[in-house]
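Please read the structure below before turning to the comments.
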Amino acid sequence: MEDIVLQVKDVTIGDKKSGYSIVDKVNIEVKKQQIVGIVGESGCGKSMTSLAIMQLMPVNIAIKEGQILFSGEELTALKEKELRKVRGKDISMIFQEPVRALHPLHKVGKQIEESLKIHTNLSKEDRKKQTISLMKSVGIPDAEMRYDQYPHQLSGGLNQRIMIAMAIAADPSLIIADEPTTALDVTIQAQILQLLRSLRERRGVSIILISHDLAVICENCDYVYVMYCGQIVEEADVRTFFQSPKHPYTQALIQASPDPEKKIDQLMAIKGTVPSIENIPEGCRFAERCPHKTERCTKVEPKLYEQNDGTKVKCFLFEEGR
Amino acid sequence: MRKYIAKRIAVSVPIILGVILITFVLMNYIPGNAVTAMMQNKINNETVARVEEEMHLNDPILVRFGLYIKDLLHGDLGTSFVMNQPVFNLIKNAFPNTIKLALSAIAFAWILGIPIGIISALKKNTCLDKLFMGVSLMGISMPTFSIGIILQYLIAYKLKWLPISGFTTPAHLILPSIVLGWSMAGEISRLIRTNLIDVIQADYITTAKAKGKSRMGIVIFHALKMSILPVITIMMMQFTSLLGGALITENIFSIPGIGTLSISALSNRDIPLLQGTIILSTFLIIIGNLIADIIYALADPRVHYD
């Protein structure tokens with residue numbers, strides 16, 4: 001148990017005004033040096049979950065229930081001032097669009113340095129030295145020259161490397177990467193993901209990797225959570241997950257992904273649409289789109305049933321365990 | 001940077017010339033005869049014809065424009081018909097008063113408008129925000145003459161706190177500055193409020209929060225510059241339009257500035273004087289815009305000046 005870095009326990013996140021829940025009783029566990037993937041389509045609540053860990057949600061969104069434990073400490077109970085010591089120091093984040101996530105008027109070097117300024121007592125010269133060595137360690141060529149440049153002068157890939165350098169500056173034990181490669185070219189994507197993976201060995205960090213791209217998740221993670229409409233519908237070790245996807249939604253997702261080995265005319269699409277949060281159906285949230293729907297599915301909500309191979313599936317098909 | 005400034009100045013020259021040409025042509029089509037206006041109808045037709053000839057009024061318009069530009073380059077804006085003094089001297093005497101008024105009005109507007117915009121954005125949708133925005137909206141929507149007269153009546157006439165009009169002591173500056181500055185402060189604060197509310201939701205602000213930066217630190221170092229930057233152009237334009245003379249306010253408070261001069265020129269058909277004041281404000285607006293663009297280029301690294 002002691003190697004568990006982060007535990008998200010039964011967390012429900014909702015809109016303060018309307019009371020609608022965006023994320024419903026989510027449980028996530030991250031072990032030391034583990035890369036945990038969260039996959040799901042846009043709007044399924046994966047980004048909101050990641051923002052909620054350090055309580056960075058927009059003002060109208062709040063954690064309604066549940067606990068978030070980081071190395072045993074309950075983050076949900078911390079005051080804003082104490083949370084600030086965790087942010088960037090123990091846990092840091094990498095966002096989807098580096099160009100928008102970096103301040104357009106500040107030099108990139110200064111932006112990395114800011115993390116050091118907040119969390120360390122280094123002198124100004126040492127900070128700059130440290131920043132440049134961080135920039136080199138994430139593979140930025142001509143780091144001294146880049147230090148004085150602005151985000152708009154750098155490519156998307158380089159900007160994302162700046163974000164990564166910023167994220168590792170204060171030596172956190174957990175990095176949350178929210179769609180870190182979605183806005184990048186495919187060739188750059190692979191490099192950035194490789195860099196992230198290398199951080200685990202070099203720095204001993206755990207990573208939460210959030211993506212809508214199953215391939216990215218499967219190639220980079222140790223453990224996978226599948227989210228659908230604010231809930232976790234399946235969780236599994238990545239190998240088991242890929243060999244035998246269980247939840248009808250997961251199966252449909254995999255069928256909907258292009259496979260270069262097979263030549264097909266048209267990709268499978270999942271019929272129907274995700275229910276909106278104002279209009280959550282009773283029972284299973286995927287029922288309306290599910291080929292295995294029974295009457296029970298539309299009335300009773302299934303639990304996450306644990307299987308013999310360790311997988312957990314939120315579907316009545318797996319109620320008995322297989 | 002130097003190249004950019006030189007280029008901008010070079011572009012400004014044809015604009016100024018264009019405006020001079022347009023005002024010159026427009027003045028030419030003002031109904032009525034300049035000479036009779038000048039002599040106030042106390043002359044016979046022969047004298048009118050003679051003076052018209054002397055003033056080149058029968059020459060083609062392009063020739064007259066050429067003569068005007070030639071004089072202008074020598075610093076000669078002509079002679080006022082009514083006051084019988086060189087226009088250049090009239091403007092030179094009135095301009096310092098307008099500058100004083102403009103500076104104090106703009107100081108009022110910026111010192112109040114910027115902080116009010118920031119506070120309103122940070123306290124969005126609270127009573128304080130609504131109060132500030134209401135007062136701002138009042139300033140924007142009330143015509144200056146009504147604000148001017150109301151303040152004169154209440155503060156100068158009833159309460160006797162400040163002088164009612166004139167321009168002799170610094171106290172005389174206060175009321176007209178409020179009249180002019182209120183609407184400008186309102187515009188500035190509303191724009192800054194909207195910008196800041198937008199900026200605070202930007203991704204790079206979330207990044208700063210995720211770094212562990214304090215709320216005040218984020219507002220001061222990350223959000224403020226981004227939300228004031230787009231307002232710089234408007235702030236400069238407000239200032240230069242004030243320097244061109246505040247027609248109504250100067251008139252209400254009897255301030256002998258460019259605004260009063262323009263009004264008397266207009267009502268007396270004093271064409272050289274009117275032209276002079278129009279050229280002055282054009283020139284100031286162009287300079288003001290140039291300065292705003294330079295500040296913008298210096299403050300925002302994304303602006304290319306090549």
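Following the order of the structure tokens, first chain is A, next is B, and so on, with residues numbered from 1 inside each chain and ligands from 1 in the order they appear.
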Write out as a list in words every residue belonging to chain B that has an atom at most 10 Å from any atom of chain A, counting only C-alpha atoms.
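Residues passing the distance filter: Gln201, Ala202, Asp203, Tyr204, Ile205, Thr206, Thr207, Ala208, Lys209, Ala210, Lys211, Gly212, Lys213, Ser214, Arg215, Phe221, His222, Ala223, Lys225, Met226, Ala299, Asp300, Pro301 and Arg302 of chain B.
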Could you go through region 48-211 of chain B and tell me which residues DSSP, when run on the backbone, assigns to helix (DSSP H, G or I), listing them as number ranges by chain?
B: 48-54, 61-73, 87-122, 127-141, 144-158, 171-200, 203-210
Which is closer to Asp76 (chain B) than all the others in B:Asn251, B:Ser262, B:Ser227, B:Asn89, using only C-alpha atoms?
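Of B:Asn251, B:Ser262, B:Ser227, B:Asn89, the one nearest Asp76 (chain B), counting only C-alpha atoms, is B:Asn89.
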Between CA of Pro115 (chain B) and CA of Ser189 (chain B), what is the distance, to one decimal in Å?
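Value for the CA of Pro115 (chain B)-CA of Ser189 (chain B) distance: 7.5 Å.
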Would you give me, as a list in words, the residues in region 36-176 of chain A that DSSP reads as strand (DSSP E)?
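Taking region 36-176 of chain A and keeping strand (DSSP E) gives Val36, Gly37, Ile38, Val39, Ile61, Ala62, Ile63, Lys64, Glu65, Gly66, Gln67, Ile68, Leu69, Phe70, Glu73, Glu74, Ile91, Ser92, Met93, Ile94, Leu174, Ile175 and Ile176 of chain A.
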Surrounding residues of Leu184 (chain A) excluding itself and chain neighbours under 3 positions, 7 Å, only C-alpha atoms, as number ranges by chain
A: 156-157, 181, 188-189
Those same residues - C-alpha atoms - I'd like them written as an mmCIF file, in the first residue's frame.
data_model
loop_
_atom_site.group_PDB
_atom_site.id
_atom_site.type_symbol
_atom_site.label_atom_id
_atom_site.label_comp_id
_atom_site.auth_asym_id
_atom_site.auth_seq_id
_atom_site.Cartn_x
_atom_site.Cartn_y
_atom_site.Cartn_z
ATOM 1 C CA GLY A 156 4.402 23.329 -30.754
ATOM 2 C CA GLY A 157 6.724 20.466 -29.918
ATOM 3 C CA THR A 181 0.097 15.392 -27.633
ATOM 4 C CA ILE A 188 6.335 15.086 -32.564
ATOM 5 C CA GLN A 189 3.708 13.159 -30.589
#
Exercise: Ile254 (chain A) partners within 12 Å, only C-alpha atoms, chain neighbours under 6 positions left out, as a compact mmCIF listing (two decimals) with N, CA and C atoms, in the first residue's frame:
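And here's result-v9.txt as it stands now:
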# COMPACT_ATOMS: atom_id res chain seq x y z
N VAL A 39 -8.84 7.10 -20.51
CA VAL A 39 -9.26 7.28 -21.89
C VAL A 39 -10.77 7.47 -21.94
N GLY A 40 -11.20 8.24 -22.89
CA GLY A 40 -12.63 8.48 -23.04
C GLY A 40 -12.84 9.57 -24.06
N HIS A 212 -7.82 10.87 -25.56
CA HIS A 212 -8.98 10.25 -26.19
C HIS A 212 -8.50 9.18 -27.16
N ASP A 213 -7.18 9.07 -27.29
CA ASP A 213 -6.58 8.20 -28.29
C ASP A 213 -6.16 6.88 -27.65
N LEU A 214 -6.89 5.82 -28.00
CA LEU A 214 -6.60 4.51 -27.41
C LEU A 214 -5.18 4.06 -27.68
N ALA A 215 -4.67 4.35 -28.88
CA ALA A 215 -3.33 3.91 -29.23
C ALA A 215 -2.30 4.55 -28.30
N ILE A 217 -2.75 5.63 -25.30
CA ILE A 217 -2.90 5.05 -23.97
C ILE A 217 -2.25 3.66 -23.92
N CYS A 218 -2.57 2.84 -24.90
CA CYS A 218 -2.07 1.47 -24.87
C CYS A 218 -0.55 1.39 -24.99
N VAL A 226 -11.17 3.49 -18.30
CA VAL A 226 -12.00 3.97 -19.40
C VAL A 226 -13.16 4.76 -18.80
N PHE A 241 -6.16 -5.39 -20.77
CA PHE A 241 -7.12 -4.48 -21.39
C PHE A 241 -7.11 -4.64 -22.90
N PHE A 242 -5.91 -4.68 -23.44
CA PHE A 242 -5.80 -4.73 -24.89
C PHE A 242 -6.16 -6.10 -25.45
N GLN A 243 -5.80 -7.15 -24.68
CA GLN A 243 -6.08 -8.50 -25.15
C GLN A 243 -7.58 -8.82 -25.07
N SER A 244 -8.19 -8.43 -23.94
CA SER A 244 -9.61 -8.74 -23.83
C SER A 244 -10.39 -7.55 -23.28
N PRO A 245 -10.67 -6.59 -24.14
CA PRO A 245 -11.52 -5.49 -23.71
C PRO A 245 -12.90 -6.04 -23.37
N LYS A 246 -13.49 -5.59 -22.30
CA LYS A 246 -14.70 -6.26 -21.82
C LYS A 246 -15.97 -5.43 -21.97
N HIS A 247 -15.94 -4.19 -21.48
CA HIS A 247 -17.16 -3.38 -21.51
C HIS A 247 -17.58 -3.14 -22.97
N PRO A 248 -18.87 -3.25 -23.24
CA PRO A 248 -19.33 -3.03 -24.63
C PRO A 248 -18.84 -1.69 -25.18
N LEU A 267 -14.87 2.82 -41.10
CA LEU A 267 -14.66 2.52 -39.69
C LEU A 267 -16.00 2.34 -39.00
N MET A 268 -15.98 1.50 -37.99
CA MET A 268 -17.19 1.32 -37.19
C MET A 268 -17.43 2.60 -36.39
N ALA A 269 -18.65 3.03 -36.32
CA ALA A 269 -18.98 4.16 -35.45
C ALA A 269 -19.93 3.66 -34.39
N ILE A 270 -19.86 4.30 -33.20
CA ILE A 270 -20.80 3.91 -32.15
C ILE A 270 -22.10 4.67 -32.40
Neighbour list for region 264-280 of chain B as a PyMOL selection string, cut-off 10 Å, only C-alpha atoms, skip fewer than 6 positions in-chain:
chain B and resi 16-17+19-20+23-24+27-28+30-34+37-38+40+68+72+76-83+85-88+90-91+95+243-245+251+258
How about saving the chosen residues, C-alpha atoms kept, as a short mmCIF file (atom, residue, chain, number, x, y, z; two decimals), in the first residue's frame?
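New file again21.cif:
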data_model
loop_
_atom_site.label_atom_id
_atom_site.label_comp_id
_atom_site.auth_asym_id
_atom_site.auth_seq_id
_atom_site.Cartn_x
_atom_site.Cartn_y
_atom_site.Cartn_z
CA ILE B 16 -1.93 64.52 -42.58
CA LEU B 17 -1.74 65.98 -46.08
CA VAL B 19 -6.81 65.55 -44.04
CA ILE B 20 -5.57 69.06 -44.79
CA THR B 23 -10.76 70.17 -44.78
CA PHE B 24 -9.54 72.73 -47.29
CA MET B 27 -14.22 74.81 -46.21
CA ASN B 28 -14.33 75.92 -49.81
CA ILE B 30 -19.20 76.30 -46.94
CA PRO B 31 -22.04 78.54 -48.10
CA GLY B 32 -21.58 82.30 -47.74
CA ASN B 33 -18.84 84.63 -48.70
CA ALA B 34 -15.68 84.72 -46.63
CA ALA B 37 -18.27 87.32 -43.18
CA MET B 38 -14.95 88.92 -42.34
CA GLN B 40 -19.42 91.77 -41.16
CA TYR B 68 -1.92 77.28 -48.13
CA LEU B 72 1.78 76.07 -43.55
CA ASP B 76 1.86 80.33 -41.07
CA LEU B 77 -1.71 79.12 -40.64
CA GLY B 78 -3.18 82.36 -41.93
CA THR B 79 -4.79 85.20 -40.06
CA SER B 80 -8.04 84.95 -38.17
CA PHE B 81 -10.76 86.95 -39.93
CA VAL B 82 -12.45 87.91 -36.72
CA MET B 83 -9.66 88.39 -34.23
CA GLN B 85 -4.34 87.79 -35.27
CA PRO B 86 -2.21 85.03 -36.73
CA VAL B 87 -3.98 81.68 -36.20
CA PHE B 88 -0.68 80.22 -35.06
CA LEU B 90 -4.15 82.09 -31.16
CA ILE B 91 -3.55 78.33 -31.02
CA PHE B 95 -3.16 75.16 -26.33
CA LEU B 243 -5.80 67.58 -26.63
CA GLY B 244 -7.70 68.52 -29.76
CA GLY B 245 -9.99 70.55 -27.53
CA ASN B 251 -17.50 76.16 -23.38
CA ILE B 258 -8.70 74.99 -28.23
#
Please identify all polymer residues within 8 Å of region 303-312 of chain A, counting only C-alpha atoms, omitting same-chain residues fewer than 6 positions from it, and present them as an NGL selection string.
:A and (233-237 or 240-241 or 318-322)
Export of prior selection with N, CA and C atoms as a PDB file, in the first residue's frame:
ATOM      1  N   VAL A 233     -15.993   3.061 -16.543  1.00  0.00           N
ATOM      2  CA  VAL A 233     -16.755   1.870 -16.928  1.00  0.00           C
ATOM      3  C   VAL A 233     -15.883   0.621 -16.975  1.00  0.00           C
ATOM      4  N   GLU A 234     -14.552   0.842 -17.061  1.00  0.00           N
ATOM      5  CA  GLU A 234     -13.680  -0.327 -17.068  1.00  0.00           C
ATOM      6  C   GLU A 234     -12.301   0.106 -16.598  1.00  0.00           C
ATOM      7  N   GLU A 235     -11.656  -0.741 -15.807  1.00  0.00           N
ATOM      8  CA  GLU A 235     -10.264  -0.473 -15.475  1.00  0.00           C
ATOM      9  C   GLU A 235      -9.486  -1.772 -15.518  1.00  0.00           C
ATOM     10  N   ALA A 236      -8.277  -1.707 -16.031  1.00  0.00           N
ATOM     11  CA  ALA A 236      -7.524  -2.936 -16.208  1.00  0.00           C
ATOM     12  C   ALA A 236      -6.044  -2.655 -16.415  1.00  0.00           C
ATOM     13  N   ASP A 237      -5.271  -3.661 -16.179  1.00  0.00           N
ATOM     14  CA  ASP A 237      -3.870  -3.657 -16.539  1.00  0.00           C
ATOM     15  C   ASP A 237      -3.798  -3.536 -18.062  1.00  0.00           C
ATOM     16  N   THR A 240      -3.934  -6.853 -20.246  1.00  0.00           N
ATOM     17  CA  THR A 240      -5.237  -7.510 -20.172  1.00  0.00           C
ATOM     18  C   THR A 240      -6.268  -6.697 -20.942  1.00  0.00           C
ATOM     19  N   PHE A 241      -6.162  -5.392 -20.770  1.00  0.00           N
ATOM     20  CA  PHE A 241      -7.118  -4.484 -21.391  1.00  0.00           C
ATOM     21  C   PHE A 241      -7.106  -4.639 -22.900  1.00  0.00           C
ATOM     22  N   PHE A 318     -20.909  -8.842 -16.924  1.00  0.00           N
ATOM     23  CA  PHE A 318     -19.762  -9.346 -16.169  1.00  0.00           C
ATOM     24  C   PHE A 318     -20.060  -9.449 -14.676  1.00  0.00           C
ATOM     25  N   GLU A 319     -21.336  -9.498 -14.358  1.00  0.00           N
ATOM     26  CA  GLU A 319     -21.764  -9.525 -12.968  1.00  0.00           C
ATOM     27  C   GLU A 319     -21.228 -10.742 -12.228  1.00  0.00           C
ATOM     28  N   GLU A 320     -21.203 -11.882 -12.916  1.00  0.00           N
ATOM     29  CA  GLU A 320     -20.788 -13.117 -12.266  1.00  0.00           C
ATOM     30  C   GLU A 320     -19.267 -13.220 -12.166  1.00  0.00           C
ATOM     31  N   GLY A 321     -18.575 -12.431 -12.878  1.00  0.00           N
ATOM     32  CA  GLY A 321     -17.125 -12.542 -12.919  1.00  0.00           C
ATOM     33  C   GLY A 321     -16.705 -13.585 -13.931  1.00  0.00           C
ATOM     34  N   ARG A 322     -15.668 -13.284 -14.747  1.00  0.00           N
ATOM     35  CA  ARG A 322     -15.227 -14.268 -15.734  1.00  0.00           C
ATOM     36  C   ARG A 322     -13.729 -14.467 -15.662  1.00  0.00           C
TER      37      ARG A 322
END
In Å to one decimal, how far is CA of Gly117 (chain B) from CA of Arg193 (chain B)?
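Rounded to one decimal, the two atoms are 4.5 Å apart.
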Any idea what the distance is between CA of Glu113 (chain A) and CA of Asp90 (chain A)?
16.5 Å
Fewer than 5 positions away in the same chain doesn't count, so skip those; otherwise give me all residues within 9 Å of region 200-202 of chain A, counting only C-alpha atoms, as a PDB file with C-alpha atoms, in the first residue's frame.
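Just written: result19.pdb:
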ATOM      1  CA  GLN A  33       6.515   5.194 -11.048  1.00  0.00           C
ATOM      2  CA  GLN A  34       3.349   3.973 -12.684  1.00  0.00           C
ATOM      3  CA  ILE A  35       1.877   5.496 -15.820  1.00  0.00           C
ATOM      4  CA  ILE A 207       2.266   9.951 -14.541  1.00  0.00           C
TER       5      ILE A 207
END
